[in-house]
$ cat input01.json   # JSON, C-alpha atoms and all ligand atoms
[["chain", "number", "residue", "atom", "x", "y", "z"],
["V", 25, "MET", "CA", -9.27, -25.08, 66.21],
["V", 26, "THR", "CA", -9.28, -22.13, 63.84],
["V", 27, "ASP", "CA", -11.81, -19.39, 64.30],
["V", 28, "LEU", "CA", -13.54, -19.30, 60.96],
["V", 29, "SER", "CA", -16.48, -17.70, 62.72],
["V", 30, "ARG", "CA", -14.44, -14.65, 63.76],
["V", 31, "PRO", "CA", -11.90, -13.94, 61.06],
["V", 32, "THR", "CA", -11.40, -10.36, 62.17],
["V", 33, "GLY", "CA", -11.02, -11.02, 65.90],
["V", 34, "PRO", "CA", -8.09, -9.61, 67.87],
["V", 35, "ARG", "CA", -4.60, -10.99, 67.40],
["V", 36, "ILE", "CA", -3.67, -12.83, 70.59],
["V", 37, "ILE", "CA", 0.00, -12.79, 71.58],
["V", 38, "ALA", "CA", 1.47, -14.64, 74.58],
["V", 39, "ILE", "CA", 4.58, -13.00, 76.03],
["V", 40, "ALA", "CA", 6.52, -15.92, 77.41],
["V", 41, "ASN", "CA", 9.90, -17.03, 78.70],
["V", 42, "GLN", "CA", 10.22, -19.35, 81.69],
["V", 43, "LYS", "CA", 13.14, -17.30, 83.00],
["V", 44, "GLY", "CA", 12.17, -14.58, 85.47],
["V", 45, "GLY", "CA", 13.43, -11.04, 85.15],
["V", 46, "VAL", "CA", 13.94, -11.04, 81.38],
["V", 47, "GLY", "CA", 11.47, -8.24, 80.61],
["V", 48, "LYS", "CA", 8.18, -10.07, 79.99],
["V", 49, "THR", "CA", 6.05, -7.80, 82.15],
["V", 50, "THR", "CA", 7.89, -4.65, 81.08],
["V", 51, "THR", "CA", 7.30, -5.62, 77.45],
["V", 52, "ALA", "CA", 3.66, -6.52, 78.09],
["V", 53, "ILE", "CA", 2.97, -3.12, 79.67],
["V", 54, "ASN", "CA", 4.91, -0.95, 77.26],
["V", 55, "LEU", "CA", 4.17, -2.77, 74.03],
["V", 56, "SER", "CA", 0.47, -2.68, 74.95],
["V", 57, "ALA", "CA", 0.72, 1.02, 75.72],
["V", 58, "ALA", "CA", 2.60, 1.71, 72.48],
["V", 59, "LEU", "CA", -0.03, -0.16, 70.44],
["V", 60, "ALA", "CA", -2.77, 1.80, 72.20],
["V", 61, "GLU", "CA", -0.90, 5.05, 71.57],
["V", 62, "ALA", "CA", -0.89, 4.11, 67.87],
["V", 63, "GLY", "CA", -4.68, 3.95, 67.98],
["V", 64, "ARG", "CA", -5.12, 0.21, 68.44],
["V", 65, "ARG", "CA", -7.52, -1.21, 71.01],
["V", 66, "VAL", "CA", -5.62, -3.52, 73.31],
["V", 67, "LEU", "CA", -6.35, -5.88, 76.19],
["V", 68, "LEU", "CA", -3.55, -7.01, 78.50],
["V", 69, "VAL", "CA", -4.27, -10.25, 80.34],
["V", 70, "ASP", "CA", -2.21, -10.50, 83.51],
["V", 71, "LEU", "CA", -1.52, -14.21, 83.84],
["V", 72, "ASP", "CA", 1.19, -13.94, 86.49],
["V", 73, "PRO", "CA", 0.13, -14.39, 90.15],
["V", 74, "GLN", "CA", 2.67, -11.68, 91.03],
["V", 75, "GLY", "CA", 0.33, -9.20, 89.32],
["V", 76, "ASN", "CA", 3.17, -6.89, 88.28],
["V", 77, "ALA", "CA", 1.51, -5.89, 85.01],
["V", 78, "SER", "CA", -1.61, -4.89, 86.95],
["V", 79, "THR", "CA", 0.44, -2.82, 89.40],
["V", 80, "GLY", "CA", 2.47, -1.26, 86.59],
["V", 81, "LEU", "CA", -0.73, -0.10, 84.92],
["V", 82, "GLY", "CA", -2.18, 1.44, 88.04],
["V", 83, "VAL", "CA", -4.72, -1.18, 89.11],
["V", 84, "GLU", "CA", -4.89, -0.87, 92.90],
["V", 85, "MET", "CA", -5.29, -3.98, 95.03],
["V", 86, "GLU", "CA", -8.81, -2.95, 96.09],
["V", 87, "ASP", "CA", -9.75, -2.81, 92.41],
["V", 88, "ARG", "CA", -8.78, -6.43, 91.83],
["V", 89, "ASP", "CA", -12.04, -7.92, 92.89],
["V", 90, "GLN", "CA", -12.51, -9.80, 89.62],
["V", 91, "THR", "CA", -9.33, -11.19, 88.12],
["V", 92, "THR", "CA", -7.90, -13.74, 85.69],
["V", 93, "TYR", "CA", -8.42, -16.29, 88.44],
["V", 94, "ASP", "CA", -12.18, -15.64, 88.34],
["V", 95, "LEU", "CA", -12.13, -15.80, 84.54],
["V", 96, "LEU", "CA", -10.36, -19.17, 84.49],
["V", 97, "VAL", "CA", -11.65, -20.92, 87.58],
["V", 98, "ASP", "CA", -15.09, -19.38, 88.13],
["V", 99, "ASP", "CA", -16.22, -18.60, 84.57],
["V", 100, "ALA", "CA", -16.55, -14.91, 85.39],
["V", 101, "ALA", "CA", -18.13, -12.71, 82.70],
["V", 102, "LEU", "CA", -15.73, -10.67, 80.53],
["V", 103, "ASP", "CA", -17.63, -7.54, 81.43],
["V", 104, "ASP", "CA", -16.83, -8.11, 85.09],
["V", 105, "VAL", "CA", -13.10, -8.86, 84.71],
["V", 106, "ILE", "CA", -12.05, -6.38, 82.00],
["V", 107, "GLN", "CA", -11.31, -2.88, 83.22],
["V", 108, "ALA", "CA", -9.98, 0.33, 81.69],
["V", 109, "THR", "CA", -6.46, 1.51, 82.53],
["V", 110, "VAL", "CA", -4.75, 4.87, 82.80],
["V", 111, "VAL", "CA", -3.92, 4.52, 79.09],
["V", 112, "ASP", "CA", -6.62, 5.39, 76.55],
["V", 113, "GLY", "CA", -7.62, 2.31, 74.53],
["V", 114, "LEU", "CA", -5.78, -0.10, 76.83],
["V", 115, "TYR", "CA", -7.77, -2.52, 78.98],
["V", 116, "ILE", "CA", -6.60, -5.08, 81.49],
["V", 117, "ILE", "CA", -7.72, -8.22, 83.26],
["V", 118, "PRO", "CA", -5.75, -7.92, 86.50],
["V", 119, "ALA", "CA", -4.23, -10.71, 88.57],
["V", 120, "THR", "CA", -3.61, -11.41, 92.22],
["V", 121, "VAL", "CA", -1.75, -14.08, 94.11],
["V", 122, "ASP", "CA", -4.97, -16.17, 94.03],
["V", 123, "LEU", "CA", -3.90, -17.27, 90.58],
["V", 124, "SER", "CA", -1.01, -19.28, 92.02],
["V", 125, "SER", "CA", -3.41, -21.98, 93.17],
["V", 126, "ALA", "CA", -5.18, -22.29, 89.81],
["V", 127, "ASP", "CA", -2.77, -25.03, 88.68],
["V", 128, "ILE", "CA", -3.84, -27.35, 91.46],
["V", 129, "GLU", "CA", -7.50, -26.40, 91.48],
["V", 130, "LEU", "CA", -7.83, -27.16, 87.80],
["V", 131, "ILE", "CA", -5.99, -30.45, 87.75],
["V", 132, "SER", "CA", -9.13, -32.56, 87.41],
["V", 133, "ASN", "CA", -10.75, -30.24, 84.87],
["V", 134, "GLU", "CA", -10.68, -31.91, 81.46],
["V", 135, "LYS", "CA", -10.62, -28.56, 79.69],
["V", 136, "ARG", "CA", -7.89, -27.15, 81.92],
["V", 137, "SER", "CA", -5.57, -26.19, 79.03],
["V", 138, "PHE", "CA", -8.38, -24.52, 77.06],
["V", 139, "LEU", "CA", -9.86, -22.27, 79.73],
["V", 140, "LEU", "CA", -8.23, -19.05, 78.57],
["V", 141, "HIS", "CA", -8.78, -19.96, 74.92],
["V", 142, "ASP", "CA", -12.49, -20.41, 75.49],
["V", 143, "ALA", "CA", -12.81, -17.40, 77.80],
["V", 144, "LEU", "CA", -11.23, -15.01, 75.28],
["V", 145, "ARG", "CA", -13.39, -16.29, 72.45],
["V", 146, "GLN", "CA", -16.75, -15.60, 74.03],
["V", 147, "VAL", "CA", -19.12, -13.61, 71.87],
["V", 148, "ALA", "CA", -19.15, -10.98, 74.64],
["V", 149, "MET", "CA", -15.57, -10.11, 73.58],
["V", 150, "ASP", "CA", -16.86, -8.48, 70.39],
["V", 151, "GLN", "CA", -18.20, -5.44, 72.25],
["V", 152, "PHE", "CA", -14.64, -4.44, 73.19],
["V", 153, "ASP", "CA", -13.70, -4.29, 69.51],
["V", 154, "LEU", "CA", -10.08, -5.21, 70.22],
["V", 155, "ASP", "CA", -7.16, -5.31, 67.81],
["V", 156, "TYR", "CA", -4.72, -7.06, 70.13],
["V", 157, "ILE", "CA", -4.75, -9.18, 73.25],
["V", 158, "LEU", "CA", -1.36, -9.50, 74.97],
["V", 159, "ILE", "CA", -0.87, -12.09, 77.69],
["V", 160, "ASP", "CA", 1.79, -11.58, 80.37],
["V", 161, "CYS", "CA", 2.90, -15.10, 81.34],
["V", 162, "PRO", "CA", 4.43, -16.24, 84.63],
["V", 163, "PRO", "CA", 8.13, -17.24, 84.75],
["V", 164, "SER", "CA", 7.41, -20.92, 84.31],
["V", 165, "LEU", "CA", 6.16, -23.41, 81.72],
["V", 166, "ASN", "CA", 3.20, -24.36, 83.89],
["V", 167, "LEU", "CA", -0.51, -24.77, 83.16],
["V", 168, "LEU", "CA", -0.99, -21.00, 83.05],
["V", 169, "THR", "CA", 1.64, -20.56, 80.34],
["V", 170, "VAL", "CA", 0.18, -23.52, 78.45],
["V", 171, "ASN", "CA", -3.25, -21.85, 78.66],
["V", 172, "ALA", "CA", -1.69, -18.72, 77.14],
["V", 173, "MET", "CA", -0.08, -20.70, 74.31],
["V", 174, "VAL", "CA", -3.30, -22.57, 73.58],
["V", 175, "ALA", "CA", -5.25, -19.31, 73.52],
["V", 176, "ALA", "CA", -2.73, -17.39, 71.41],
["V", 177, "HIS", "CA", -2.00, -16.99, 67.73],
["V", 178, "SER", "CA", 1.66, -16.43, 68.51],
["V", 179, "VAL", "CA", 4.34, -16.27, 71.19],
["V", 180, "LEU", "CA", 6.59, -13.25, 71.68],
["V", 181, "VAL", "CA", 9.77, -14.09, 73.56],
["V", 182, "PRO", "CA", 11.73, -11.40, 75.44],
["V", 183, "LEU", "CA", 15.39, -12.36, 75.64],
["V", 184, "GLN", "CA", 17.58, -10.59, 78.16],
["V", 185, "SER", "CA", 20.87, -9.53, 76.64],
["V", 186, "GLU", "CA", 22.91, -11.50, 79.16],
["V", 187, "PHE", "CA", 25.05, -14.55, 79.51],
["V", 188, "PHE", "CA", 23.10, -17.85, 79.16],
["V", 189, "ALA", "CA", 20.20, -15.96, 77.57],
["V", 190, "LEU", "CA", 19.72, -18.54, 74.83],
["V", 191, "GLU", "CA", 20.04, -21.53, 77.12],
["V", 192, "GLY", "CA", 16.42, -21.69, 78.21],
["V", 193, "LEU", "CA", 15.11, -21.22, 74.70],
["V", 194, "SER", "CA", 15.21, -24.87, 73.68],
["V", 195, "GLN", "CA", 12.91, -25.79, 76.55],
["V", 196, "LEU", "CA", 10.53, -23.01, 75.55],
["V", 197, "MET", "CA", 10.57, -24.12, 71.90],
["V", 198, "LEU", "CA", 9.85, -27.68, 73.00],
["V", 199, "THR", "CA", 6.78, -26.52, 74.91],
["V", 200, "ILE", "CA", 5.61, -24.54, 71.87],
["V", 201, "ARG", "CA", 6.01, -27.68, 69.74],
["V", 202, "GLU", "CA", 4.03, -29.75, 72.25],
["V", 203, "VAL", "CA", 1.21, -27.21, 72.29],
["V", 204, "ARG", "CA", 1.16, -27.25, 68.49],
["V", 205, "GLN", "CA", 0.86, -31.02, 68.46],
["V", 206, "SER", "CA", -1.77, -31.28, 71.15],
["V", 207, "ALA", "CA", -3.99, -28.22, 71.01],
["V", 208, "ASN", "CA", -2.99, -25.31, 68.78],
["V", 209, "PRO", "CA", -1.43, -26.40, 65.46],
["V", 210, "ASN", "CA", -1.34, -22.83, 64.12],
["V", 211, "LEU", "CA", 0.65, -21.38, 67.02],
["V", 212, "ARG", "CA", 3.45, -19.22, 65.62],
["V", 213, "ILE", "CA", 6.49, -17.55, 67.06],
["V", 214, "GLU", "CA", 5.84, -13.84, 66.73],
["V", 215, "GLY", "CA", 9.47, -13.11, 67.38],
["V", 216, "VAL", "CA", 12.27, -12.82, 69.89],
["V", 217, "VAL", "CA", 13.00, -9.37, 71.25],
["V", 218, "LEU", "CA", 16.30, -8.49, 72.89],
["V", 219, "THR", "CA", 15.75, -6.59, 76.13],
["V", 220, "MET", "CA", 17.96, -4.65, 78.56],
["V", 221, "TYR", "CA", 20.53, -4.22, 75.84],
["V", 222, "ASP", "CA", 23.64, -2.25, 76.66],
["V", 223, "ARG", "CA", 25.45, -1.33, 73.50],
["V", 224, "ARG", "CA", 28.68, -0.45, 75.31],
["V", 225, "ASN", "CA", 28.80, -3.98, 76.62],
["V", 226, "ASN", "CA", 30.48, -6.67, 74.52],
["V", 227, "LEU", "CA", 28.31, -9.32, 76.08],
["V", 228, "SER", "CA", 25.12, -7.66, 74.82],
["V", 229, "GLN", "CA", 26.58, -7.57, 71.33],
["V", 230, "GLN", "CA", 27.61, -11.22, 71.60],
["V", 231, "VAL", "CA", 24.12, -12.29, 72.71],
["V", 232, "GLU", "CA", 22.62, -10.33, 69.82],
["V", 233, "GLN", "CA", 24.99, -11.97, 67.35],
["V", 234, "ASP", "CA", 24.24, -15.44, 68.73],
["V", 235, "ALA", "CA", 20.50, -14.81, 68.62],
["V", 236, "ARG", "CA", 20.59, -13.52, 65.04],
["V", 237, "ASP", "CA", 22.87, -16.38, 63.90],
["V", 238, "ASN", "CA", 20.68, -19.04, 65.50],
["V", 239, "LEU", "CA", 17.20, -17.59, 65.09],
["V", 240, "GLY", "CA", 17.56, -15.42, 61.98],
["V", 241, "ASP", "CA", 14.41, -13.56, 61.01],
["V", 242, "LEU", "CA", 12.68, -14.54, 64.23],
["V", 243, "VAL", "CA", 14.64, -11.84, 66.04],
["V", 244, "PHE", "CA", 12.99, -8.42, 65.90],
["V", 245, "SER", "CA", 15.16, -5.67, 64.37],
["V", 246, "THR", "CA", 14.06, -3.45, 67.25],
["V", 247, "ILE", "CA", 16.16, -3.83, 70.38],
["V", 248, "ILE", "CA", 15.04, -2.63, 73.81],
["V", 249, "PRO", "CA", 17.94, -0.83, 75.53],
["V", 250, "ARG", "CA", 18.61, -0.94, 79.24],
["V", 251, "ASN", "CA", 17.15, 2.37, 80.35],
["V", 252, "VAL", "CA", 16.63, 3.51, 83.92],
["V", 253, "ARG", "CA", 13.39, 5.32, 83.00],
["V", 254, "VAL", "CA", 11.90, 1.93, 82.02],
["V", 255, "SER", "CA", 12.61, 0.51, 85.46],
["V", 256, "GLU", "CA", 11.37, 3.64, 87.27],
["V", 257, "ALA", "CA", 7.99, 3.85, 85.51],
["V", 258, "PRO", "CA", 6.26, 0.95, 87.37],
["V", 259, "SER", "CA", 6.66, 2.65, 90.75],
["V", 260, "PHE", "CA", 4.57, 5.48, 89.31],
["V", 261, "ALA", "CA", 2.08, 2.90, 88.00],
["V", 262, "ILE", "CA", 2.30, 4.15, 84.42],
["V", 263, "PRO", "CA", 4.04, 2.90, 81.26],
["V", 264, "VAL", "CA", 7.38, 4.49, 80.38],
["V", 265, "LEU", "CA", 5.63, 6.00, 77.36],
["V", 266, "SER", "CA", 3.73, 8.32, 79.73],
["V", 267, "TYR", "CA", 6.39, 8.56, 82.45],
["V", 268, "ASP", "CA", 9.11, 9.85, 80.12],
["V", 269, "THR", "CA", 7.75, 9.98, 76.62],
["V", 270, "GLY", "CA", 11.04, 10.88, 74.95],
["V", 271, "SER", "CA", 13.19, 8.35, 76.82],
["V", 272, "GLN", "CA", 15.14, 5.70, 74.96],
["V", 273, "GLY", "CA", 12.88, 3.03, 76.43],
["V", 274, "ALA", "CA", 9.70, 4.74, 75.25],
["V", 275, "VAL", "CA", 11.15, 5.28, 71.78],
["V", 276, "ALA", "CA", 12.19, 1.61, 71.58],
["V", 277, "TYR", "CA", 8.79, 0.25, 72.61],
["V", 278, "ARG", "CA", 7.11, 2.51, 70.03],
["V", 279, "ALA", "CA", 9.46, 1.08, 67.40],
["V", 280, "LEU", "CA", 8.66, -2.46, 68.55],
["V", 281, "ALA", "CA", 4.93, -1.78, 68.23],
["V", 282, "LYS", "CA", 5.47, -0.41, 64.75],
["V", 283, "GLU", "CA", 7.51, -3.44, 63.72],
["V", 284, "LEU", "CA", 4.85, -5.77, 65.12],
["V", 285, "MET", "CA", 2.02, -3.96, 63.31],
["V", 286, "GLY", "CA", 4.08, -4.05, 60.11],
["V", 287, "LYS", "CA", 4.44, -7.81, 60.37],
["V", 288, "GLN", "CA", 0.69, -8.19, 60.69],
["V", 289, "ASN", "CA", 0.09, -6.05, 57.64],
["V", 290, "ARG", "CA", 2.53, -8.20, 55.69],
["V", 291, "ALA", "CA", 0.83, -11.35, 56.87],
["V", 292, "ALA", "CA", -2.56, -9.99, 55.85],
["V", 293, "ALA", "CA", -1.41, -8.89, 52.39],
["U", 1, "LIG", "N1", 14.75, -2.07, 79.27],
["U", 1, "LIG", "C1", 14.92, -2.08, 80.59],
["U", 1, "LIG", "N2", 15.76, -1.20, 81.18],
["U", 1, "LIG", "C2", 15.94, -1.20, 82.52],
["U", 1, "LIG", "N3", 15.34, -2.06, 83.36],
["U", 1, "LIG", "C3", 14.49, -2.96, 82.83],
["U", 1, "LIG", "C4", 14.22, -3.02, 81.43],
["U", 1, "LIG", "N4", 13.34, -4.03, 81.19],
["U", 1, "LIG", "C5", 13.06, -4.55, 82.39],
["U", 1, "LIG", "N5", 13.74, -3.93, 83.38],
["U", 1, "LIG", "C6", 13.69, -4.23, 84.82],
["U", 1, "LIG", "O1", 14.10, -5.57, 85.02],
["U", 1, "LIG", "C7", 13.31, -6.20, 86.02],
["U", 1, "LIG", "C8", 12.64, -7.46, 85.44],
["U", 1, "LIG", "O2", 11.75, -7.09, 84.40],
["U", 1, "LIG", "P1", 10.31, -7.76, 84.24],
["U", 1, "LIG", "O3", 9.68, -7.13, 83.07],
["U", 1, "LIG", "O4", 9.58, -7.71, 85.53],
["U", 1, "LIG", "O5", 10.73, -9.25, 83.91],
["U", 1, "LIG", "P2", 9.82, -10.59, 83.91],
["U", 1, "LIG", "O6", 8.40, -10.19, 83.75],
["U", 1, "LIG", "O7", 10.35, -11.39, 82.76],
["U", 1, "LIG", "O8", 10.09, -11.27, 85.21],
["U", 1, "LIG", "C9", 12.32, -5.16, 86.48],
["U", 1, "LIG", "O9", 12.81, -4.58, 87.65],
["U", 1, "LIG", "C10", 12.27, -4.16, 85.36],
["U", 1, "LIG", "O10", 11.96, -2.86, 85.80],
["U", 2, "MG", "MG", 6.76, -10.70, 84.96]]
$ encode --input "input01.json" --output "structure tokens"
Amino acid sequence: MTDLSRPTGPRIIAIANQKGGVGKTTTAINLSAALAEAGRRVLLVDLDPQGNASTGLGVEMEDRDQTTYDLLVDDAALDDVIQATVVDGLYIIPATVDLSSADIELISNEKRSFLLHDALRQVAMDQFDLDYILIDCPPSLNLLTVNAMVAAHSVLVPLQSEFFALEGLSQLMLTIREVRQSANPNLRIEGVVLTMYDRRNNLSQQVEQDARDNLGDLVFSTIIPRNVRVSEAPSFAIPVLSYDTGSQGAVAYRALAKELMGKQNRAAA
């Protein structure tokens, strides 16, 4: 269903790849932070039971009383689940391990694939005046990821610059096609972003070449380098943009945000 009623609502982007450890959560945190730094109002939905995005943005366990689980399973009010983060203009719906049982608990719910879609489109969302909603998906093509794809306008795929990187992509593309056919015909691929890139490494260059040959324009020009500051930032519970603002990782995520915003302007023109 298209939202003719809310033509200016936030752009909803699912960050997905069923492989673990490819940079989904890192991209969710730092792209969100970079968009917020550029003056956009952003909500990050933590849809991974591991709750790493919540931890990385400084949401303590005792502050995860109301989570994505409550939003999906218990119809919690947006006001109760959305909280501010350490970054100005960046909000989060945190997650806990509770979310891992949502799959099973929702199995008999007829609307199980539409729960996030419907939750994010409540009128109560308007008060947050958001420009973007980013969804950090779990490392699986399960019901949670399907909920993200049904809710989203587009999917952003982090691709680790490593051997076999492209192998899982066909499965992911198949799921996107299925979601288009069944529930969300307008779902687009926002783009594929190469992560943990090491330019001294031939393999990184080979993966980039393969990705650009096979996926063409879908691959973002911006590449996220492997950068130790990026991996250190979560233990301080802040994005790399605040942890080391001049680091290569911070610079790259700012560039990615700029490229993303540029695409939207083009699409709107
Ligand atoms: N650009 C990067 N440079 C260095 N380490 C990174 C970078 N991106 C991610 N990492 C590290 O790689 C690991 C996996 O990243 P993560 O974002 O959690 O992946 P996913 O969410 O896909 O499982 C984490 O330890 C993270 O800190
Ligand atoms: Mg993750």
$ closest_residue --input "input01.json" --among "V:Phe244, V:Leu167, V:Thr79, V:Gly45" --to "V:Ala281" --atoms "only C-alpha atoms"
V:Phe244
$ closest_atom_pairs --input "input01.json" --of "chain V" --to "ligand MG 2 (chain U)" --cutoff "7 Å" --atoms "only C-alpha atoms and all ligand atoms" --output "Markdown table"
| residue | atom | partner | partner_atom | distance |
| --- | --- | --- | --- | --- |
| V:Gly44 | CA | U:MG2 | MG | 6.7 |
| V:Gly45 | CA | U:MG2 | MG | 6.7 |
| V:Gly47 | CA | U:MG2 | MG | 6.9 |
| V:Lys48 | CA | U:MG2 | MG | 5.2 |
| V:Thr49 | CA | U:MG2 | MG | 4.1 |
| V:Asp72 | CA | U:MG2 | MG | 6.6 |
| V:Asn76 | CA | U:MG2 | MG | 6.2 |
| V:Asp160 | CA | U:MG2 | MG | 6.8 |
| V:Cys161 | CA | U:MG2 | MG | 6.9 |
| V:Pro162 | CA | U:MG2 | MG | 6.0 |
| V:Pro163 | CA | U:MG2 | MG | 6.7 |
$ residues_around --input "input01.json" --residues "V:Ser56" --least-positions-apart "4" --cutoff "9 Å" --atoms "all atoms listed in the file" --output "JSON, numbers by chain"
{"V": [51, 52, 60, 61, 66, 67, 68, 114, 156, 157, 158, 281]}
$ closest_residue --input "input01.json" --among "V:Leu71, V:Ala38, V:Val110, V:Tyr115" --to "V:Asp127" --atoms "all atoms listed in the file"
V:Leu71
$ atom_distance --input "input01.json" --atom1 "atom CA of V:Ala261" --atom2 "atom CA of V:Ile53"
10.3 Å
$ atom_distance --input "input01.json" --atom1 "atom CA of V:Asn208" --atom2 "atom CA of V:Ser194"
18.9 Å
$ closest_residue --input "input01.json" --among "V:Ile36, V:Leu130, V:Val254, V:Leu140" --to "V:Val275" --atoms "only C-alpha atoms"
V:Val254
$ closest_residue --input "input01.json" --among "V:Pro34, V:Gly75, V:Gly240, V:Gly270" --to "ligand LIG 1 (chain U)" --atoms "all atoms listed in the file"
V:Gly75
$ decode --input "input01.json" --residues "stretch 262-277 of chain V" --atoms "N, CA, C and O atoms" --output "PDB file, in the first residue's frame"
ATOM      1  N   ILE V 262      29.057   5.418  22.001  1.00  0.00           N
ATOM      2  CA  ILE V 262      28.803   6.580  21.142  1.00  0.00           C
ATOM      3  C   ILE V 262      29.199   6.241  19.700  1.00  0.00           C
ATOM      4  O   ILE V 262      30.018   5.351  19.472  1.00  0.00           O
ATOM      5  N   PRO V 263      28.612   6.955  18.734  1.00  0.00           N
ATOM      6  CA  PRO V 263      29.008   6.730  17.329  1.00  0.00           C
ATOM      7  C   PRO V 263      30.451   7.169  17.112  1.00  0.00           C
ATOM      8  O   PRO V 263      30.968   8.009  17.864  1.00  0.00           O
ATOM      9  N   VAL V 264      31.083   6.650  16.075  1.00  0.00           N
ATOM     10  CA  VAL V 264      32.467   7.040  15.788  1.00  0.00           C
ATOM     11  C   VAL V 264      32.538   8.529  15.453  1.00  0.00           C
ATOM     12  O   VAL V 264      33.566   9.175  15.673  1.00  0.00           O
ATOM     13  N   LEU V 265      31.441   9.090  14.980  1.00  0.00           N
ATOM     14  CA  LEU V 265      31.420  10.518  14.657  1.00  0.00           C
ATOM     15  C   LEU V 265      31.694  11.383  15.880  1.00  0.00           C
ATOM     16  O   LEU V 265      32.266  12.459  15.764  1.00  0.00           O
ATOM     17  N   SER V 266      31.275  10.911  17.069  1.00  0.00           N
ATOM     18  CA  SER V 266      31.573  11.650  18.296  1.00  0.00           C
ATOM     19  C   SER V 266      32.868  11.149  18.928  1.00  0.00           C
ATOM     20  O   SER V 266      33.617  11.922  19.514  1.00  0.00           O
ATOM     21  N   TYR V 267      33.120   9.862  18.813  1.00  0.00           N
ATOM     22  CA  TYR V 267      34.293   9.253  19.465  1.00  0.00           C
ATOM     23  C   TYR V 267      35.593   9.785  18.878  1.00  0.00           C
ATOM     24  O   TYR V 267      36.520  10.126  19.596  1.00  0.00           O
ATOM     25  N   ASP V 268      35.664   9.841  17.548  1.00  0.00           N
ATOM     26  CA  ASP V 268      36.852  10.397  16.891  1.00  0.00           C
ATOM     27  C   ASP V 268      36.393  11.054  15.596  1.00  0.00           C
ATOM     28  O   ASP V 268      36.363  10.435  14.540  1.00  0.00           O
ATOM     29  N   THR V 269      36.012  12.299  15.729  1.00  0.00           N
ATOM     30  CA  THR V 269      35.267  12.977  14.670  1.00  0.00           C
ATOM     31  C   THR V 269      36.043  13.129  13.355  1.00  0.00           C
ATOM     32  O   THR V 269      35.453  13.197  12.290  1.00  0.00           O
ATOM     33  N   GLY V 270      37.380  13.089  13.455  1.00  0.00           N
ATOM     34  CA  GLY V 270      38.177  13.244  12.235  1.00  0.00           C
ATOM     35  C   GLY V 270      38.668  11.917  11.675  1.00  0.00           C
ATOM     36  O   GLY V 270      39.401  11.886  10.687  1.00  0.00           O
ATOM     37  N   SER V 271      38.286  10.807  12.309  1.00  0.00           N
ATOM     38  CA  SER V 271      38.779   9.499  11.871  1.00  0.00           C
ATOM     39  C   SER V 271      38.269   9.153  10.479  1.00  0.00           C
ATOM     40  O   SER V 271      37.252   9.682  10.025  1.00  0.00           O
ATOM     41  N   GLN V 272      38.971   8.252   9.830  1.00  0.00           N
ATOM     42  CA  GLN V 272      38.564   7.815   8.487  1.00  0.00           C
ATOM     43  C   GLN V 272      37.146   7.258   8.478  1.00  0.00           C
ATOM     44  O   GLN V 272      36.395   7.461   7.528  1.00  0.00           O
ATOM     45  N   GLY V 273      36.795   6.552   9.549  1.00  0.00           N
ATOM     46  CA  GLY V 273      35.462   5.963   9.632  1.00  0.00           C
ATOM     47  C   GLY V 273      34.376   7.028   9.715  1.00  0.00           C
ATOM     48  O   GLY V 273      33.350   6.956   9.038  1.00  0.00           O
ATOM     49  N   ALA V 274      34.641   8.048  10.532  1.00  0.00           N
ATOM     50  CA  ALA V 274      33.665   9.132  10.690  1.00  0.00           C
ATOM     51  C   ALA V 274      33.496   9.882   9.367  1.00  0.00           C
ATOM     52  O   ALA V 274      32.373  10.175   8.940  1.00  0.00           O
ATOM     53  N   VAL V 275      34.617  10.156   8.723  1.00  0.00           N
ATOM     54  CA  VAL V 275      34.584  10.873   7.443  1.00  0.00           C
ATOM     55  C   VAL V 275      33.787  10.067   6.413  1.00  0.00           C
ATOM     56  O   VAL V 275      32.959  10.613   5.675  1.00  0.00           O
ATOM     57  N   ALA V 276      34.009   8.748   6.406  1.00  0.00           N
ATOM     58  CA  ALA V 276      33.323   7.892   5.424  1.00  0.00           C
ATOM     59  C   ALA V 276      31.817   7.856   5.681  1.00  0.00           C
ATOM     60  O   ALA V 276      31.017   7.929   4.744  1.00  0.00           O
ATOM     61  N   TYR V 277      31.412   7.740   6.928  1.00  0.00           N
ATOM     62  CA  TYR V 277      29.969   7.689   7.206  1.00  0.00           C
ATOM     63  C   TYR V 277      29.297   9.034   6.916  1.00  0.00           C
ATOM     64  O   TYR V 277      28.143   9.068   6.495  1.00  0.00           O
TER      65      TYR V 277
END
